[in-house]
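Undergrad: Input structure: run_30.cif, which contains mmCIF, C-alpha atoms.
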data_query
loop_
_atom_site.label_atom_id
_atom_site.label_comp_id
_atom_site.auth_asym_id
_atom_site.auth_seq_id
_atom_site.Cartn_x
_atom_site.Cartn_y
_atom_site.Cartn_z
CA MET A 1 -2.93 33.93 32.48
CA GLU A 2 -2.95 37.69 33.04
CA MET A 3 -0.44 38.14 30.23
CA ASP A 4 -2.85 36.35 27.96
CA LYS A 5 -5.54 38.82 29.02
CA VAL A 6 -3.17 41.74 28.36
CA ARG A 7 -2.51 40.38 24.89
CA LYS A 8 -6.24 40.16 24.16
CA ILE A 9 -6.90 43.71 25.41
CA ILE A 10 -4.07 45.13 23.29
CA ASP A 11 -5.36 43.26 20.22
CA ALA A 12 -8.85 44.57 20.98
CA LEU A 13 -7.47 48.12 21.13
CA SER A 14 -5.70 47.57 17.80
CA ILE A 15 -9.03 46.88 16.05
CA HIS A 16 -11.03 49.40 18.07
CA THR A 17 -12.56 52.16 15.96
CA ASP A 18 -12.34 54.79 18.69
CA PRO A 19 -9.27 57.05 18.08
CA GLU A 20 -8.85 57.21 21.83
CA SER A 21 -7.54 53.64 21.67
CA ILE A 22 -4.30 55.05 20.21
CA ASN A 23 -3.80 57.22 23.25
CA VAL A 24 -4.42 54.27 25.57
CA LEU A 25 -1.85 52.17 23.74
CA ASN A 26 0.62 55.07 23.70
CA ASP A 27 0.20 55.99 27.34
CA VAL A 28 -0.07 52.55 28.91
CA GLY A 29 1.50 50.08 26.48
CA THR A 30 4.57 51.81 25.07
CA ASN A 31 5.65 53.06 28.52
CA SER A 32 5.51 49.61 30.10
CA ALA A 33 8.65 48.20 31.67
CA ASN A 34 7.81 44.81 30.17
CA ASP A 35 9.45 44.25 26.77
CA GLU A 36 6.68 41.90 25.66
CA VAL A 37 3.99 44.49 26.44
CA ARG A 38 5.91 47.17 24.52
CA GLU A 39 6.35 44.78 21.60
CA LEU A 40 2.64 43.90 21.53
CA THR A 41 1.69 47.58 21.79
CA SER A 42 4.01 48.69 18.98
CA ARG A 43 2.68 45.97 16.69
CA ALA A 44 -0.90 46.93 17.58
CA LEU A 45 -0.20 50.56 16.69
CA VAL A 46 1.31 49.56 13.34
CA LYS A 47 -1.67 47.32 12.57
CA LYS A 48 -4.01 50.29 12.98
CA ASN A 49 -2.11 51.85 10.04
CA VAL A 50 -3.31 55.39 10.63
CA HIS A 51 -1.23 58.55 10.84
CA ASP A 52 -1.39 59.03 14.61
CA SER A 53 -0.60 55.43 15.47
CA LEU A 54 2.31 55.17 13.01
CA GLU A 55 3.75 58.46 14.22
CA VAL A 56 4.00 57.00 17.73
CA VAL A 57 6.20 54.07 16.66
CA ILE A 58 8.30 55.99 14.10
CA THR A 59 9.04 59.44 15.48
CA ASN A 60 9.23 58.92 19.26
CA GLN A 61 12.58 58.32 20.87
CA GLY A 62 12.57 55.02 22.80
CA LYS A 63 9.36 53.70 21.22
CA GLY A 64 8.63 51.44 18.28
CA ILE A 65 11.52 51.30 15.83
CA ASN A 66 13.59 53.46 18.23
CA ASP A 67 13.06 51.20 21.23
CA LEU A 68 16.17 50.28 23.21
CA SER A 69 15.11 46.64 23.05
CA THR A 70 16.25 45.08 19.81
CA VAL A 71 13.35 42.63 19.91
CA VAL A 72 10.79 45.42 20.16
CA ALA A 73 12.45 47.50 17.41
CA MET A 74 12.85 44.57 15.01
CA SER A 75 9.33 43.34 15.67
CA THR A 76 7.96 46.80 14.88
CA ILE A 77 10.00 47.02 11.68
CA ASN A 78 8.80 43.57 10.66
CA GLU A 79 5.19 44.64 11.21
CA LEU A 80 5.79 47.76 9.12
CA LEU A 81 7.19 45.64 6.30
CA SER A 82 4.13 43.38 6.49
CA LEU A 83 1.68 46.21 5.87
CA GLU A 84 -0.32 45.89 2.68
CA ASP A 85 -0.71 49.64 2.30
CA LYS A 86 2.64 51.26 3.16
CA THR A 87 1.78 54.71 1.85
CA GLU A 88 1.14 56.39 5.18
CA ALA A 89 4.14 54.74 6.83
CA ILE A 90 6.49 55.88 4.04
CA ASN A 91 5.16 59.45 4.26
CA ILE A 92 5.83 59.57 7.99
CA LEU A 93 9.28 58.04 7.50
CA GLU A 94 10.15 60.70 4.91
CA ASP A 95 8.98 63.47 7.22
CA THR A 96 11.02 61.97 10.04
CA VAL A 97 14.16 61.66 7.91
CA ASN A 98 13.84 65.26 6.75
CA ASN A 99 12.54 67.06 9.80
CA HIS A 100 13.22 65.20 13.05
CA SER A 101 15.55 66.82 15.51
CA GLU A 102 17.17 63.62 16.81
CA GLU A 103 19.89 62.15 14.59
CA ASP A 104 19.33 58.59 15.88
CA VAL A 105 15.65 58.80 15.02
CA ARG A 106 16.46 60.12 11.54
CA ASP A 107 18.97 57.31 10.94
CA ASN A 108 16.51 54.66 12.05
CA ALA A 109 13.78 56.15 9.89
CA ARG A 110 16.14 56.24 6.90
CA SER A 111 17.07 52.58 7.35
CA VAL A 112 13.46 51.46 7.71
CA LYS A 113 12.46 53.53 4.69
CA ALA A 114 15.15 51.82 2.62
CA LEU A 115 13.90 48.42 3.76
CA MET A 116 10.32 49.32 2.89
CA ALA A 117 11.39 50.52 -0.55
CA LEU A 118 13.03 47.15 -1.18
CA SER A 119 10.11 45.08 0.09
CA MET B 1 25.65 -62.39 -56.03
CA ALA B 2 22.31 -64.20 -55.93
CA ASN B 3 21.48 -62.39 -52.77
CA SER B 4 22.30 -59.06 -54.26
CA PHE B 5 20.13 -56.15 -53.29
CA GLN B 6 17.29 -55.43 -55.71
CA ILE B 7 14.82 -52.65 -55.18
CA SER B 8 12.02 -54.69 -56.70
CA ASN B 9 12.39 -57.25 -53.92
CA VAL B 10 12.38 -54.64 -51.16
CA ILE B 11 9.26 -52.66 -52.15
CA PRO B 12 6.73 -55.43 -51.33
CA ARG B 13 8.43 -55.99 -48.01
CA LEU B 14 8.16 -52.35 -47.18
CA PHE B 15 4.40 -52.15 -47.77
CA ASN B 16 3.43 -55.58 -46.54
CA GLY B 17 5.92 -56.49 -43.90
CA SER B 18 3.72 -58.91 -41.96
CA LYS B 19 3.66 -61.31 -44.87
CA TYR B 20 7.42 -61.75 -44.89
CA GLU B 21 8.47 -61.11 -41.33
CA THR B 22 7.95 -63.76 -38.75
CA ASP B 23 6.18 -62.61 -35.70
CA SER B 24 8.61 -63.06 -32.92
CA ARG B 25 5.87 -62.63 -30.36
CA SER B 26 4.15 -65.73 -31.66
CA THR B 27 7.17 -67.86 -30.79
CA VAL B 28 7.04 -66.86 -27.15
CA GLN B 29 5.01 -69.09 -24.99
CA PRO B 30 2.73 -67.24 -22.62
CA VAL B 31 3.49 -67.70 -19.00
CA LYS B 32 1.01 -69.79 -17.24
CA GLY B 33 -0.70 -68.75 -14.06
CA ASN B 34 -2.10 -65.44 -12.97
CA SER B 35 1.10 -63.53 -13.69
CA TYR B 36 1.67 -61.29 -16.62
CA ASN B 37 5.15 -60.50 -17.72
CA PRO B 38 5.55 -57.60 -20.13
CA PHE B 39 9.07 -58.76 -21.03
CA ALA B 40 7.72 -62.00 -22.31
CA LYS B 41 6.76 -60.39 -25.61
CA SER B 42 10.01 -58.65 -26.24
CA ASN B 43 11.96 -61.71 -27.35
CA MET B 44 14.90 -60.52 -25.32
CA LYS B 45 16.79 -63.51 -24.10
CA VAL B 46 16.61 -62.66 -20.45
CA ASP B 47 15.34 -64.52 -17.47
CA VAL B 48 11.64 -64.15 -17.22
CA LEU B 49 9.95 -63.63 -13.94
CA THR B 50 7.20 -66.11 -13.62
CA ALA B 51 5.62 -64.52 -10.58
CA ASP B 52 3.78 -61.25 -10.32
CA VAL B 53 6.14 -58.49 -9.21
CA PHE B 54 3.36 -56.54 -7.53
CA GLU B 55 2.00 -57.23 -4.15
CA THR B 56 -0.79 -59.67 -3.87
CA THR B 57 -4.14 -58.66 -2.55
CA THR B 58 -3.92 -60.93 0.41
CA PHE B 59 -3.23 -59.13 3.67
CA THR B 60 -1.53 -60.50 6.66
CA GLY B 61 -2.45 -59.62 10.18
CA ALA B 62 0.54 -57.33 10.61
CA GLU B 63 -0.46 -55.21 7.66
CA LYS B 64 -3.79 -54.28 9.20
CA THR B 65 -2.02 -51.77 11.43
CA PRO B 66 0.47 -49.96 9.20
CA SER B 67 3.51 -48.51 10.86
CA ILE B 68 4.13 -44.79 11.19
CA SER B 69 6.92 -44.88 8.64
CA LYS B 70 4.64 -46.54 6.17
CA ILE B 71 1.94 -43.93 6.75
CA LYS B 72 4.51 -41.19 6.21
CA ARG B 73 5.71 -42.85 3.06
CA MET B 74 2.20 -43.19 1.78
CA ALA B 75 1.41 -39.59 2.62
CA SER B 76 4.51 -38.31 0.89
CA THR B 77 3.75 -40.46 -2.10
CA PHE B 78 0.22 -39.12 -2.19
CA VAL B 79 1.35 -35.51 -1.97
CA GLY B 80 4.05 -36.05 -4.55
CA SER B 81 1.60 -37.70 -6.87
CA LEU B 82 -0.78 -34.82 -6.43
CA GLY B 83 1.87 -32.37 -7.54
CA GLU B 84 2.85 -34.46 -10.52
CA ALA B 85 -0.49 -35.83 -11.55
CA PHE B 86 -2.54 -32.68 -11.25
CA PRO B 87 -0.76 -29.67 -12.75
CA THR B 88 -3.89 -27.63 -12.18
CA PHE B 89 -3.80 -28.46 -8.51
CA ARG B 90 -0.14 -27.50 -8.33
CA GLN B 91 -0.86 -24.33 -10.25
CA GLY B 92 -3.61 -23.63 -7.74
CA ILE B 93 -1.15 -24.02 -4.90
CA GLU B 94 1.22 -21.63 -6.65
CA ASN B 95 -1.62 -19.18 -7.14
CA ILE B 96 -2.45 -19.37 -3.45
CA ALA B 97 1.21 -18.78 -2.61
CA ALA B 98 1.32 -15.81 -4.95
CA PHE B 99 -1.93 -14.52 -3.47
CA CYS B 100 -0.52 -14.81 0.06
CA GLY B 101 2.59 -13.02 -1.11
CA ARG B 102 0.52 -10.20 -2.56
CA ILE B 103 -1.53 -9.95 0.65
CA LYS B 104 1.66 -9.90 2.70
CA ASN B 105 3.17 -7.21 0.49
CA GLY B 106 -0.09 -5.32 0.61
CA ILE B 107 -0.21 -5.42 4.39
CA THR B 108 3.43 -4.38 4.59
CA GLY B 109 2.85 -1.57 2.13
CA ALA B 110 -0.26 -0.43 3.95
CA TRP B 111 1.59 -0.43 7.25
CA ASN B 112 4.45 1.56 5.75
CA TYR B 113 1.96 3.95 4.18
CA LEU B 114 0.19 4.40 7.50
CA SER B 115 3.36 4.75 9.53
CA GLU B 116 5.14 7.05 7.10
CA THR B 117 2.38 9.08 5.56
CA ARG B 118 -1.07 8.77 6.95
CA VAL B 119 -0.38 8.88 10.67
CA PRO B 120 1.67 12.10 10.58
CA SER B 121 -0.95 13.59 8.26
CA ILE B 122 -3.69 12.71 10.72
CA MET B 123 -1.64 14.17 13.56
CA ASP B 124 -0.98 17.33 11.54
CA ALA B 125 -4.67 17.56 10.75
CA GLY B 126 -5.47 17.21 14.45
CA ARG B 127 -2.99 19.92 15.33
CA ALA B 128 -4.35 22.15 12.59
CA ILE B 129 -7.91 21.70 13.89
CA LYS B 130 -6.74 22.46 17.41
CA THR B 131 -4.87 25.56 16.21
CA LYS B 132 -7.89 26.76 14.22
CA TRP B 133 -10.11 26.19 17.24
CA GLU B 134 -7.77 28.14 19.51
CA GLU B 135 -7.49 30.96 16.95
CA ALA B 136 -11.26 31.15 16.63
CA HIS B 137 -11.65 31.14 20.40
CA TYR B 138 -8.98 33.86 20.74
CA ALA B 139 -10.60 36.02 18.03
CA LYS B 140 -13.97 35.64 19.75
CA GLU B 141 -12.55 36.91 23.06
CA VAL B 142 -10.71 39.80 21.34
CA ASN B 143 -13.93 40.86 19.62
CA MET B 144 -15.67 40.70 22.97
CA TYR B 145 -13.08 43.12 24.42
CA ALA B 146 -13.23 45.33 21.32
CA ALA B 147 -16.97 45.78 21.89
CA LYS B 148 -16.24 47.47 25.23
CA PRO B 149 -15.60 51.21 25.53
CA VAL B 150 -11.99 52.36 25.41
CA THR B 151 -12.13 53.77 28.95
CA GLU B 152 -13.10 50.36 30.26
CA LEU B 153 -10.31 48.73 28.24
CA HIS B 154 -7.87 51.28 29.66
CA ASP B 155 -8.82 50.29 33.21
CA LEU B 156 -8.73 46.60 32.38
CA LEU B 157 -5.28 46.97 30.79
CA ILE B 158 -3.82 48.79 33.80
CA GLU B 159 -5.34 46.22 36.14
CA SER B 160 -4.03 43.30 34.12
CA LEU B 161 -0.54 44.82 33.84
CA SER B 162 -0.35 45.38 37.56
CA THR B 163 -1.39 41.76 38.19
CA ALA B 164 0.98 40.37 35.55
CA ALA B 165 3.91 42.31 36.99
#
Step by step, read the file and then write its structure as structure tokens.
TA:
Amino acid sequence: MEMDKVRKIIDALSIHTDPESINVLNDVGTNSANDEVRELTSRALVKKNVHDSLEVVITNQGKGINDLSTVVAMSTINELLSLEDKTEAINILEDTVNNHSEEDVRDNARSVKALMALS
Amino acid sequence: MANSFQISNVIPRLFNGSKYETDSRSTVQPVKGNSYNPFAKSNMKVDVLTADVFETTTFTGAEKTPSISKIKRMASTFVGSLGEAFPTFRQGIENIAAFCGRIKNGITGAWNYLSETRVPSIMDAGRAIKTKWEEAHYAKEVNMYAAKPVTELHDLLIESLSTAA
């Protein structure tokens, strides 16, 4: 029952117009020990489809597409591929591939960028 | 050769046979009594029945209560005669049989249609309505949360996560 409430709050934050909602999702959701909460948070950040929210799930080690949980990473990638407007996501992926310090993050970004180019 | 065949002698006989031929029926004496024998006019030299071959109209006491076998025989005769004597009636029976067959096939087809097509469709429609209702209810609650300030949602999220864990 509480998990259902968590899901509703995260969805509410995903459609909230206040930019502070991104910080709440980043601070509380993506750092949760629960895989399901991290998955819901990453998808909510992708749905917002703004620079700050996409940067969280693309460039941060251990979050979004770089999450240690395969389910969370694949779910985030699937949400990225489902975006109607992929422009901002592709720009961030290019910046990550070219400029990120972590090799794993660059490899992941390169793979996701290739998938998005094909979709 | 006096009796030789001549066409001139035959032609009058062909067109006026009664004048030359003897009526064989006139030589047969009618049978006396109340009987009528159809073979009596045929001039076939067979024994002639002088009595009526059909049952008389006089009833005995035993015949007033006909036996079961006789009733069955009469009934079967009646039904058989109906089928033979009234083609329309028999055709009507066949039409009724065909109609019953169509109704039976129709019921069977309707049942198959219901069991194979309609019932799952109805169940799917029910599930779809339920899903739509749940989605609408979920969206309503999400919008209710989205109307709250982010700080309040932050507190609610932390509280819910601590309870869920």
Undergrad: Each residue of chain A with at least one atom at most 10 Å from chain B should appear once, together with its nearest atom pair and the corresponding distance in Å (one decimal); atoms considered: all atoms listed in the file; ordering: chain, then increasing residue number; output as a tab-separated table.
TA:
residue	atom	partner	partner_atom	distance
A:Met1	CA	B:Ala164	CA	8.1
A:Glu2	CA	B:Ala164	CA	5.4
A:Met3	CA	B:Ala164	CA	5.9
A:Asp4	CA	B:Ser160	CA	9.4
A:Lys5	CA	B:Ser160	CA	7.0
A:Val6	CA	B:Ser160	CA	6.0
A:Arg7	CA	B:Val142	CA	9.0
A:Lys8	CA	B:Val142	CA	5.3
A:Ile9	CA	B:Tyr145	CA	6.3
A:Ile10	CA	B:Leu157	CA	7.8
A:Asp11	CA	B:Val142	CA	6.5
A:Ala12	CA	B:Ala146	CA	4.5
A:Leu13	CA	B:Ala146	CA	6.4
A:Ser14	CA	B:Ala146	CA	8.6
A:Ile15	CA	B:Ala146	CA	6.9
A:His16	CA	B:Ala146	CA	5.7
A:Thr17	CA	B:Ala146	CA	8.7
A:Asp18	CA	B:Val150	CA	7.2
A:Pro19	CA	B:Val150	CA	9.1
A:Glu20	CA	B:Val150	CA	6.8
A:Ser21	CA	B:Val150	CA	6.0
A:Ile22	CA	B:Val150	CA	9.7
A:Asn23	CA	B:His154	CA	9.6
A:Val24	CA	B:His154	CA	6.1
A:Leu25	CA	B:His154	CA	8.5
A:Asp27	CA	B:His154	CA	9.6
A:Val28	CA	B:Ile158	CA	7.2
A:Gly29	CA	B:Leu157	CA	8.6
A:Ser32	CA	B:Leu161	CA	8.6
A:Ala33	CA	B:Ala165	CA	9.2
A:Asn34	CA	B:Ala165	CA	8.2
A:Val37	CA	B:Leu161	CA	8.7
Undergrad: Pull C-alpha atoms from the residues just selected and write them as an mmCIF file, in the frame of the given file.
TA:
data_model
loop_
_atom_site.group_PDB
_atom_site.id
_atom_site.type_symbol
_atom_site.label_atom_id
_atom_site.label_comp_id
_atom_site.auth_asym_id
_atom_site.auth_seq_id
_atom_site.Cartn_x
_atom_site.Cartn_y
_atom_site.Cartn_z
ATOM 1 C CA MET A 1 -2.930 33.930 32.480
ATOM 2 C CA GLU A 2 -2.950 37.690 33.040
ATOM 3 C CA MET A 3 -0.440 38.140 30.230
ATOM 4 C CA ASP A 4 -2.850 36.350 27.960
ATOM 5 C CA LYS A 5 -5.540 38.820 29.020
ATOM 6 C CA VAL A 6 -3.170 41.740 28.360
ATOM 7 C CA ARG A 7 -2.510 40.380 24.890
ATOM 8 C CA LYS A 8 -6.240 40.160 24.160
ATOM 9 C CA ILE A 9 -6.900 43.710 25.410
ATOM 10 C CA ILE A 10 -4.070 45.130 23.290
ATOM 11 C CA ASP A 11 -5.360 43.260 20.220
ATOM 12 C CA ALA A 12 -8.850 44.570 20.980
ATOM 13 C CA LEU A 13 -7.470 48.120 21.130
ATOM 14 C CA SER A 14 -5.700 47.570 17.800
ATOM 15 C CA ILE A 15 -9.030 46.880 16.050
ATOM 16 C CA HIS A 16 -11.030 49.400 18.070
ATOM 17 C CA THR A 17 -12.560 52.160 15.960
ATOM 18 C CA ASP A 18 -12.340 54.790 18.690
ATOM 19 C CA PRO A 19 -9.270 57.050 18.080
ATOM 20 C CA GLU A 20 -8.850 57.210 21.830
ATOM 21 C CA SER A 21 -7.540 53.640 21.670
ATOM 22 C CA ILE A 22 -4.300 55.050 20.210
ATOM 23 C CA ASN A 23 -3.800 57.220 23.250
ATOM 24 C CA VAL A 24 -4.420 54.270 25.570
ATOM 25 C CA LEU A 25 -1.850 52.170 23.740
ATOM 26 C CA ASP A 27 0.200 55.990 27.340
ATOM 27 C CA VAL A 28 -0.070 52.550 28.910
ATOM 28 C CA GLY A 29 1.500 50.080 26.480
ATOM 29 C CA SER A 32 5.510 49.610 30.100
ATOM 30 C CA ALA A 33 8.650 48.200 31.670
ATOM 31 C CA ASN A 34 7.810 44.810 30.170
ATOM 32 C CA VAL A 37 3.990 44.490 26.440
#
Undergrad: On this file, the PyMOL selection byres ((chain A and resi 113-116) around 8) gives some set of residues; write that set as a PyMOL selection string.
TA: chain A and resi 80-81+86+90+93-94+109-112+117-119
Undergrad: Keeping only C-alpha atoms, write those residues as a PDB file, keeping the file's coordinate frame.
TA:
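Result saved to again-v8.pdb:
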ATOM      1  CA  LEU A  80       5.790  47.760   9.120  1.00  0.00           C
ATOM      2  CA  LEU A  81       7.190  45.640   6.300  1.00  0.00           C
ATOM      3  CA  LYS A  86       2.640  51.260   3.160  1.00  0.00           C
ATOM      4  CA  ILE A  90       6.490  55.880   4.040  1.00  0.00           C
ATOM      5  CA  LEU A  93       9.280  58.040   7.500  1.00  0.00           C
ATOM      6  CA  GLU A  94      10.150  60.700   4.910  1.00  0.00           C
ATOM      7  CA  ALA A 109      13.780  56.150   9.890  1.00  0.00           C
ATOM      8  CA  ARG A 110      16.140  56.240   6.900  1.00  0.00           C
ATOM      9  CA  SER A 111      17.070  52.580   7.350  1.00  0.00           C
ATOM     10  CA  VAL A 112      13.460  51.460   7.710  1.00  0.00           C
ATOM     11  CA  ALA A 117      11.390  50.520  -0.550  1.00  0.00           C
ATOM     12  CA  LEU A 118      13.030  47.150  -1.180  1.00  0.00           C
ATOM     13  CA  SER A 119      10.110  45.080   0.090  1.00  0.00           C
TER      14      SER A 119
END
Undergrad: Just want the 7 Å neighbourhood of stretch 67-79 of chain A, counted on only C-alpha atoms, with same-chain residues fewer than 5 positions away dropped. Output as a compact mmCIF listing (two decimals) with C-alpha atoms, keeping the file's coordinate frame.
TA:
# COMPACT_ATOMS: atom_id res chain seq x y z
CA ASP A 35 9.45 44.25 26.77
CA ARG A 38 5.91 47.17 24.52
CA GLU A 39 6.35 44.78 21.60
CA SER A 42 4.01 48.69 18.98
CA ARG A 43 2.68 45.97 16.69
CA VAL A 46 1.31 49.56 13.34
CA GLY A 62 12.57 55.02 22.80
CA VAL A 112 13.46 51.46 7.71
Undergrad: Grab the atom CA of A:Leu45 to atom CA of B:Glu135 distance for me, in Å with one decimal place.
TA: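 Atom-to-atom, atom CA of A:Leu45 and atom CA of B:Glu135 are spaced 20.9 Å apart.
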Undergrad: Which value, in Å to one decimal, gives the distance between atom CA of B:Asn95 and atom CA of B:Trp111?
TA: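 Atom CA of B:Trp111 lies 23.9 Å from atom CA of B:Asn95.
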Undergrad: Report as lines of an AutoDock Vina configuration file the centre and the edge lengths, in Å to one decimal, of the axis-aligned box holding every listed atom of stretch 17-36 of chain A, padded by 8 Å on each side.
TA:
center_x = -1.6
center_y = 49.6
center_z = 23.8
size_x = 38.0
size_y = 31.3
size_z = 31.7
Undergrad: Just to confirm, what's the straight-line distance from atom CA of A:Lys48 to atom CA of A:Asn31 in Å (one decimal)?
TA: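 For atom CA of A:Lys48 relative to atom CA of A:Asn31, the distance reads 18.5 Å.
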Undergrad: Closest to A:Leu83 among A:Glu36, A:Asn49, A:Ile65, A:Thr96, using only C-alpha atoms?
TA: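 When distances to A:Leu83 are compared using only C-alpha atoms, the smallest one comes from A:Asn49.
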